[in-house]
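The next block holds one structure in the form of structure tokens; read it before the comments.
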Amino acid sequence: MQGIVTGASRGLGLALTRALVERGWRVVVDARDADALSRAWPEAPRDVLIPGDVADPDHRRRLIEAAGEPIDLLVSNASALGPTPLPALADYPLEELRRVYEVNVLAPLALVQLALPRFAEGARVLNITSDAAVEPYESWGGYGSSKAALAQLTAILGAENRGLRVYAVDPGDMRTQMQQDAFPGEDISDRPPPEESVPGLLELIEGELPSGAYRAREVVSVGA
């Protein structure tokens, strides 16, 4: 089995990819920081480490080509938080908002478009969303609205591609660098590590749940 996980140098992407590799998967991974990607995967074959920005069309093509054929899994985990401290929408720089949408909405869709001819029957697409996509948290309008758009794109992709299983997955709060960036100077040690969200993602990848939107930490019980 082979697939792609974006944003796999740290956090949820790193934790999920480690679990997949332990199960025998060949996983192509990326991150914007080439050095961080190499440090995270010091023993990985070079042909599965593809540093770059998912907003870059050439980088997306390199990811798909590195994955080969067939592709059994595509996980769009790489995300842009936007400027910090998180601004109110009235003050949100529009160029920054365009960047958030390029990474969080357009890049996942573009990857699916490129991967469609290579997908195996029943391949899984996981787009990582957020509760900020549905809850009106103050100052989360940029990131949250981008994840809401991603969730709707995911739902429509599932309706249009019945041979695939397409999931929008909220991993829940996690103790990650992005969470720390969103709350600069705050103690986030009470958040669970990203590894706690991995079992739910694996259930979607390995199980038979229908396309749809899920909370990662509730998936195991749903599929039981």
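Chain identifiers are assigned as A, B, and so on, following the order in which chains appear in the structure tokens; residues are numbered from 1 within each chain, and ligands are numbered from 1 in order of appearance.
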Do a neighbour search on range 92-106 of chain A at 12 Å with only C-alpha atoms, toss out local chain neighbours closer than 4 positions, and write the hits as a PyMOL selection string.
chain A and resi 6-7+32+52-57+60+76-88+110-113+127-130+133+139-154
Nearest residue to Val27 in chain A from the set A:Ile156, A:Val48, A:Ala40, A:Ala8 (distances using only C-alpha atoms)
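Among the listed residues, A:Val48 lies closest to Val27 in chain A.
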Which residues are close to Ser38 in chain A, i.e. within 12 Å by only C-alpha atoms, leaving aside same-chain residues fewer than 5 positions away? Reply as a PyMOL selection string.
chain A and resi 8-10+14+29-33+43-51
Written file, previous selection with all heavy atoms, as a short mmCIF file (atom, residue, chain, number, x, y, z; two decimals), in the first residue's frame:
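Below is the file that was written, out-v3.cif:
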```cif
data_model
loop_
_atom_site.label_atom_id
_atom_site.label_comp_id
_atom_site.auth_asym_id
_atom_site.auth_seq_id
_atom_site.Cartn_x
_atom_site.Cartn_y
_atom_site.Cartn_z
N ALA A 8 4.36 16.41 7.12
CA ALA A 8 4.71 15.23 7.92
C ALA A 8 6.05 15.36 8.64
O ALA A 8 6.65 14.37 9.00
CB ALA A 8 4.72 13.98 7.05
N SER A 9 6.51 16.60 8.87
CA SER A 9 7.76 16.76 9.61
C SER A 9 7.53 16.91 11.11
O SER A 9 8.47 16.87 11.90
CB SER A 9 8.52 17.99 9.09
OG SER A 9 7.81 19.18 9.37
N ARG A 10 6.26 17.08 11.51
CA ARG A 10 5.95 17.26 12.93
C ARG A 10 4.46 17.05 13.14
O ARG A 10 3.69 16.87 12.19
CB ARG A 10 6.35 18.67 13.40
CG ARG A 10 5.55 19.78 12.75
CD ARG A 10 6.09 21.16 13.08
NE ARG A 10 5.15 22.20 12.65
CZ ARG A 10 5.44 23.50 12.61
NH1 ARG A 10 6.65 23.92 12.97
NH2 ARG A 10 4.54 24.38 12.21
N LEU A 14 3.36 13.76 11.22
CA LEU A 14 4.47 12.89 11.62
C LEU A 14 3.95 11.67 12.36
O LEU A 14 4.35 10.53 12.07
CB LEU A 14 5.45 13.68 12.49
CG LEU A 14 6.64 12.90 13.06
CD1 LEU A 14 7.50 12.33 11.96
CD2 LEU A 14 7.48 13.82 13.96
N VAL A 29 6.11 11.87 1.80
CA VAL A 29 5.80 12.95 2.74
C VAL A 29 6.45 14.25 2.29
O VAL A 29 7.44 14.26 1.55
CB VAL A 29 6.29 12.59 4.17
CG1 VAL A 29 5.51 11.41 4.73
CG2 VAL A 29 7.80 12.31 4.19
N ASP A 30 5.88 15.34 2.76
CA ASP A 30 6.47 16.64 2.47
C ASP A 30 6.41 17.55 3.68
O ASP A 30 5.77 17.25 4.69
CB ASP A 30 5.80 17.30 1.25
CG ASP A 30 4.49 18.01 1.58
OD1 ASP A 30 3.93 17.80 2.67
OD2 ASP A 30 4.02 18.81 0.73
N ALA A 31 7.11 18.66 3.59
CA ALA A 31 7.09 19.77 4.55
C ALA A 31 7.79 20.93 3.88
O ALA A 31 8.62 20.75 2.98
CB ALA A 31 7.80 19.39 5.85
N ARG A 32 7.44 22.14 4.29
CA ARG A 32 8.08 23.30 3.69
C ARG A 32 9.57 23.39 4.05
O ARG A 32 10.37 23.87 3.26
CB ARG A 32 7.35 24.58 4.13
CG ARG A 32 6.00 24.78 3.48
CD ARG A 32 5.42 26.14 3.78
NE ARG A 32 5.03 26.30 5.16
CZ ARG A 32 3.84 25.99 5.65
NH1 ARG A 32 2.91 25.49 4.84
NH2 ARG A 32 3.54 26.17 6.92
N ASP A 33 9.91 22.93 5.25
CA ASP A 33 11.28 23.01 5.75
C ASP A 33 12.01 21.70 5.43
O ASP A 33 11.74 20.67 6.04
CB ASP A 33 11.27 23.27 7.25
CG ASP A 33 12.65 23.53 7.83
OD1 ASP A 33 13.64 22.98 7.30
OD2 ASP A 33 12.74 24.25 8.84
N GLU A 43 16.14 8.07 8.40
CA GLU A 43 16.44 6.79 7.77
C GLU A 43 15.53 6.49 6.59
O GLU A 43 15.61 5.40 6.01
CB GLU A 43 16.35 5.67 8.81
CG GLU A 43 17.34 5.83 9.96
CD GLU A 43 17.23 4.72 10.99
OE1 GLU A 43 16.43 3.79 10.78
OE2 GLU A 43 17.94 4.79 12.00
N ALA A 44 14.66 7.42 6.24
CA ALA A 44 13.72 7.18 5.14
C ALA A 44 14.43 7.26 3.80
O ALA A 44 15.37 8.05 3.62
CB ALA A 44 12.60 8.19 5.19
N PRO A 45 14.00 6.48 2.81
CA PRO A 45 14.56 6.62 1.46
C PRO A 45 14.35 8.03 0.93
O PRO A 45 13.30 8.65 1.17
CB PRO A 45 13.76 5.59 0.65
CG PRO A 45 13.19 4.65 1.65
CD PRO A 45 12.97 5.44 2.90
N ARG A 46 15.34 8.56 0.23
CA ARG A 46 15.24 9.93 -0.26
C ARG A 46 14.09 10.14 -1.22
O ARG A 46 13.57 11.25 -1.35
CB ARG A 46 16.56 10.33 -0.95
CG ARG A 46 17.77 10.32 -0.06
CD ARG A 46 17.67 11.31 1.09
NE ARG A 46 17.21 10.68 2.33
CZ ARG A 46 17.00 11.32 3.46
NH1 ARG A 46 17.19 12.62 3.52
NH2 ARG A 46 16.59 10.68 4.55
N ASP A 47 13.66 9.06 -1.90
CA ASP A 47 12.61 9.24 -2.90
C ASP A 47 11.23 9.43 -2.31
O ASP A 47 10.28 9.71 -3.04
CB ASP A 47 12.60 8.08 -3.90
CG ASP A 47 12.23 6.74 -3.24
OD1 ASP A 47 12.32 6.63 -2.01
OD2 ASP A 47 11.88 5.82 -3.99
N VAL A 48 11.09 9.30 -0.98
CA VAL A 48 9.79 9.55 -0.37
C VAL A 48 9.76 10.88 0.38
O VAL A 48 8.71 11.27 0.90
CB VAL A 48 9.37 8.41 0.58
CG1 VAL A 48 9.32 7.08 -0.16
CG2 VAL A 48 10.27 8.33 1.81
N LEU A 49 10.87 11.58 0.44
CA LEU A 49 10.94 12.88 1.11
C LEU A 49 10.94 13.97 0.04
O LEU A 49 11.91 14.13 -0.70
CB LEU A 49 12.19 12.99 1.98
CG LEU A 49 12.39 11.91 3.05
CD1 LEU A 49 13.65 12.19 3.85
CD2 LEU A 49 11.17 11.83 3.97
N ILE A 50 9.86 14.73 -0.03
CA ILE A 50 9.70 15.72 -1.09
C ILE A 50 9.45 17.09 -0.43
O ILE A 50 8.30 17.49 -0.22
CB ILE A 50 8.52 15.37 -2.03
CG1 ILE A 50 8.56 13.89 -2.44
CG2 ILE A 50 8.53 16.29 -3.25
CD1 ILE A 50 9.75 13.50 -3.28
N PRO A 51 10.52 17.80 -0.05
CA PRO A 51 10.31 19.10 0.58
C PRO A 51 9.71 20.10 -0.40
O PRO A 51 9.99 20.07 -1.60
CB PRO A 51 11.72 19.52 1.01
CG PRO A 51 12.64 18.76 0.11
CD PRO A 51 11.95 17.47 -0.19
#
```
Using backbone DSSP assignments, extract all strand (DSSP E) residues from range 81-127 of chain A; output them as a ChimeraX atom specification.
/A:119-127
Pairwise distance, CA of Glu208 in chain A with CA of Leu114 in chain A, equals 24.4 Å
Against range 199-203 of chain A, which residues of range 2-89 of chain A fall within 9 Å? For each one I want the closest pair of atoms and the distance in Å (one decimal), counting only C-alpha atoms, rows by chain and increasing residue number, as a Markdown table.
```
| residue | atom | partner | partner_atom | distance |
| --- | --- | --- | --- | --- |
| A:Leu16 | CA | A:Leu201 | CA | 7.8 |
| A:Ala19 | CA | A:Leu202 | CA | 8.3 |
| A:Leu20 | CA | A:Leu202 | CA | 8.1 |
```
Which residues are close to range 65-71 of chain A, i.e. within 8 Å by only C-alpha atoms, leaving aside same-chain residues fewer than 6 positions away? Reply as an MDAnalysis selection string.
chainID A and resid 1:4 27:28 47:48 115 118:120 123
Output the selection as an mmCIF file, in the first residue's frame - all heavy atoms for each residue.
```
data_model
loop_
_atom_site.group_PDB
_atom_site.id
_atom_site.type_symbol
_atom_site.label_atom_id
_atom_site.label_comp_id
_atom_site.auth_asym_id
_atom_site.auth_seq_id
_atom_site.Cartn_x
_atom_site.Cartn_y
_atom_site.Cartn_z
ATOM 1 N N MET A 1 0.847 -1.191 0.000
ATOM 2 C CA MET A 1 0.000 0.000 0.000
ATOM 3 C C MET A 1 0.882 1.241 0.000
ATOM 4 O O MET A 1 1.909 1.280 0.668
ATOM 5 C CB MET A 1 -0.901 0.019 1.243
ATOM 6 C CG MET A 1 -1.759 -1.223 1.391
ATOM 7 S SD MET A 1 -3.083 -1.285 0.162
ATOM 8 C CE MET A 1 -4.289 -0.230 0.942
ATOM 9 N N GLN A 2 0.472 2.247 -0.744
ATOM 10 C CA GLN A 2 1.279 3.456 -0.799
ATOM 11 C C GLN A 2 0.384 4.694 -0.832
ATOM 12 O O GLN A 2 -0.749 4.642 -1.325
ATOM 13 C CB GLN A 2 2.216 3.451 -1.982
ATOM 14 C CG GLN A 2 1.585 3.240 -3.335
ATOM 15 C CD GLN A 2 2.652 3.020 -4.403
ATOM 16 O OE1 GLN A 2 3.839 2.829 -4.124
ATOM 17 N NE2 GLN A 2 2.237 3.068 -5.652
ATOM 18 N N GLY A 3 0.930 5.780 -0.283
ATOM 19 C CA GLY A 3 0.136 6.987 -0.209
ATOM 20 C C GLY A 3 0.987 8.215 0.016
ATOM 21 O O GLY A 3 2.222 8.175 -0.040
ATOM 22 N N ILE A 4 0.301 9.321 0.284
ATOM 23 C CA ILE A 4 0.915 10.626 0.485
ATOM 24 C C ILE A 4 0.351 11.226 1.765
ATOM 25 O O ILE A 4 -0.865 11.185 1.994
ATOM 26 C CB ILE A 4 0.605 11.578 -0.689
ATOM 27 C CG1 ILE A 4 1.152 11.021 -2.010
ATOM 28 C CG2 ILE A 4 1.136 12.978 -0.429
ATOM 29 C CD1 ILE A 4 0.625 11.750 -3.238
ATOM 30 N N VAL A 27 5.064 5.617 2.242
ATOM 31 C CA VAL A 27 4.400 6.916 2.338
ATOM 32 C C VAL A 27 5.336 8.008 1.842
ATOM 33 O O VAL A 27 6.449 8.164 2.341
ATOM 34 C CB VAL A 27 3.967 7.223 3.791
ATOM 35 C CG1 VAL A 27 3.153 8.516 3.824
ATOM 36 C CG2 VAL A 27 3.150 6.075 4.379
ATOM 37 N N VAL A 28 4.874 8.769 0.872
ATOM 38 C CA VAL A 28 5.575 9.956 0.406
ATOM 39 C C VAL A 28 5.144 11.120 1.288
ATOM 40 O O VAL A 28 3.946 11.329 1.511
ATOM 41 C CB VAL A 28 5.255 10.237 -1.072
ATOM 42 C CG1 VAL A 28 5.842 11.577 -1.520
ATOM 43 C CG2 VAL A 28 5.765 9.113 -1.943
ATOM 44 N N ASP A 47 13.657 9.060 -1.901
ATOM 45 C CA ASP A 47 12.614 9.244 -2.903
ATOM 46 C C ASP A 47 11.227 9.433 -2.313
ATOM 47 O O ASP A 47 10.277 9.710 -3.039
ATOM 48 C CB ASP A 47 12.599 8.077 -3.896
ATOM 49 C CG ASP A 47 12.233 6.742 -3.244
ATOM 50 O OD1 ASP A 47 12.317 6.626 -2.009
ATOM 51 O OD2 ASP A 47 11.876 5.820 -3.988
ATOM 52 N N VAL A 48 11.088 9.303 -0.985
ATOM 53 C CA VAL A 48 9.788 9.552 -0.368
ATOM 54 C C VAL A 48 9.758 10.880 0.380
ATOM 55 O O VAL A 48 8.711 11.273 0.900
ATOM 56 C CB VAL A 48 9.370 8.408 0.582
ATOM 57 C CG1 VAL A 48 9.324 7.085 -0.163
ATOM 58 C CG2 VAL A 48 10.267 8.331 1.809
ATOM 59 N N ALA A 115 -4.295 13.332 -8.477
ATOM 60 C CA ALA A 115 -4.217 11.925 -8.078
ATOM 61 C C ALA A 115 -5.339 11.068 -8.653
ATOM 62 O O ALA A 115 -5.191 9.838 -8.729
ATOM 63 C CB ALA A 115 -4.230 11.822 -6.546
ATOM 64 N N ARG A 118 -4.729 8.088 -10.795
ATOM 65 C CA ARG A 118 -3.838 7.095 -10.204
ATOM 66 C C ARG A 118 -4.444 6.383 -8.996
ATOM 67 O O ARG A 118 -3.839 5.445 -8.486
ATOM 68 C CB ARG A 118 -2.527 7.762 -9.760
ATOM 69 C CG ARG A 118 -1.729 8.413 -10.885
ATOM 70 C CD ARG A 118 -0.506 9.108 -10.313
ATOM 71 N NE ARG A 118 0.293 9.758 -11.346
ATOM 72 C CZ ARG A 118 1.589 9.544 -11.525
ATOM 73 N NH1 ARG A 118 2.240 8.696 -10.759
ATOM 74 N NH2 ARG A 118 2.249 10.188 -12.465
ATOM 75 N N PHE A 119 -5.600 6.846 -8.535
ATOM 76 C CA PHE A 119 -6.178 6.247 -7.339
ATOM 77 C C PHE A 119 -6.565 4.792 -7.572
ATOM 78 O O PHE A 119 -7.153 4.444 -8.602
ATOM 79 C CB PHE A 119 -7.429 7.004 -6.901
ATOM 80 C CG PHE A 119 -7.162 8.208 -6.032
ATOM 81 C CD1 PHE A 119 -7.893 9.367 -6.221
ATOM 82 C CD2 PHE A 119 -6.207 8.179 -5.025
ATOM 83 C CE1 PHE A 119 -7.675 10.479 -5.426
ATOM 84 C CE2 PHE A 119 -5.978 9.286 -4.229
ATOM 85 C CZ PHE A 119 -6.713 10.445 -4.427
ATOM 86 N N ALA A 120 -6.263 3.958 -6.576
ATOM 87 C CA ALA A 120 -6.773 2.596 -6.562
ATOM 88 C C ALA A 120 -8.270 2.623 -6.288
ATOM 89 O O ALA A 120 -8.791 3.580 -5.703
ATOM 90 C CB ALA A 120 -6.052 1.788 -5.484
ATOM 91 N N ALA A 123 -9.676 3.869 -2.842
ATOM 92 C CA ALA A 123 -8.648 4.677 -2.193
ATOM 93 C C ALA A 123 -9.268 5.640 -1.192
ATOM 94 O O ALA A 123 -10.435 6.032 -1.314
ATOM 95 C CB ALA A 123 -7.847 5.452 -3.237
#
```
According to DSSP computed on the backbone, where in range 51-190 of chain A is there alpha helix (DSSP H)? Give the residues as a ChimeraX atom specification.
/A:57-67,94-101,107-115,141-160,177-182
Distance of CA of Val5 in chain A from CA of Val125 in chain A, expressed in Å to one decimal place
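That distance, rounded to one decimal, is 10.2 Å.
Between CA of Arg26 in chain A and CA of Pro108 in chain A the separation is 20.1 Å.
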Which of A:Gly207, A:Gly24, A:Gly11, A:Gly122 sits closest to Arg162 in chain A [using only C-alpha atoms]:
A:Gly122
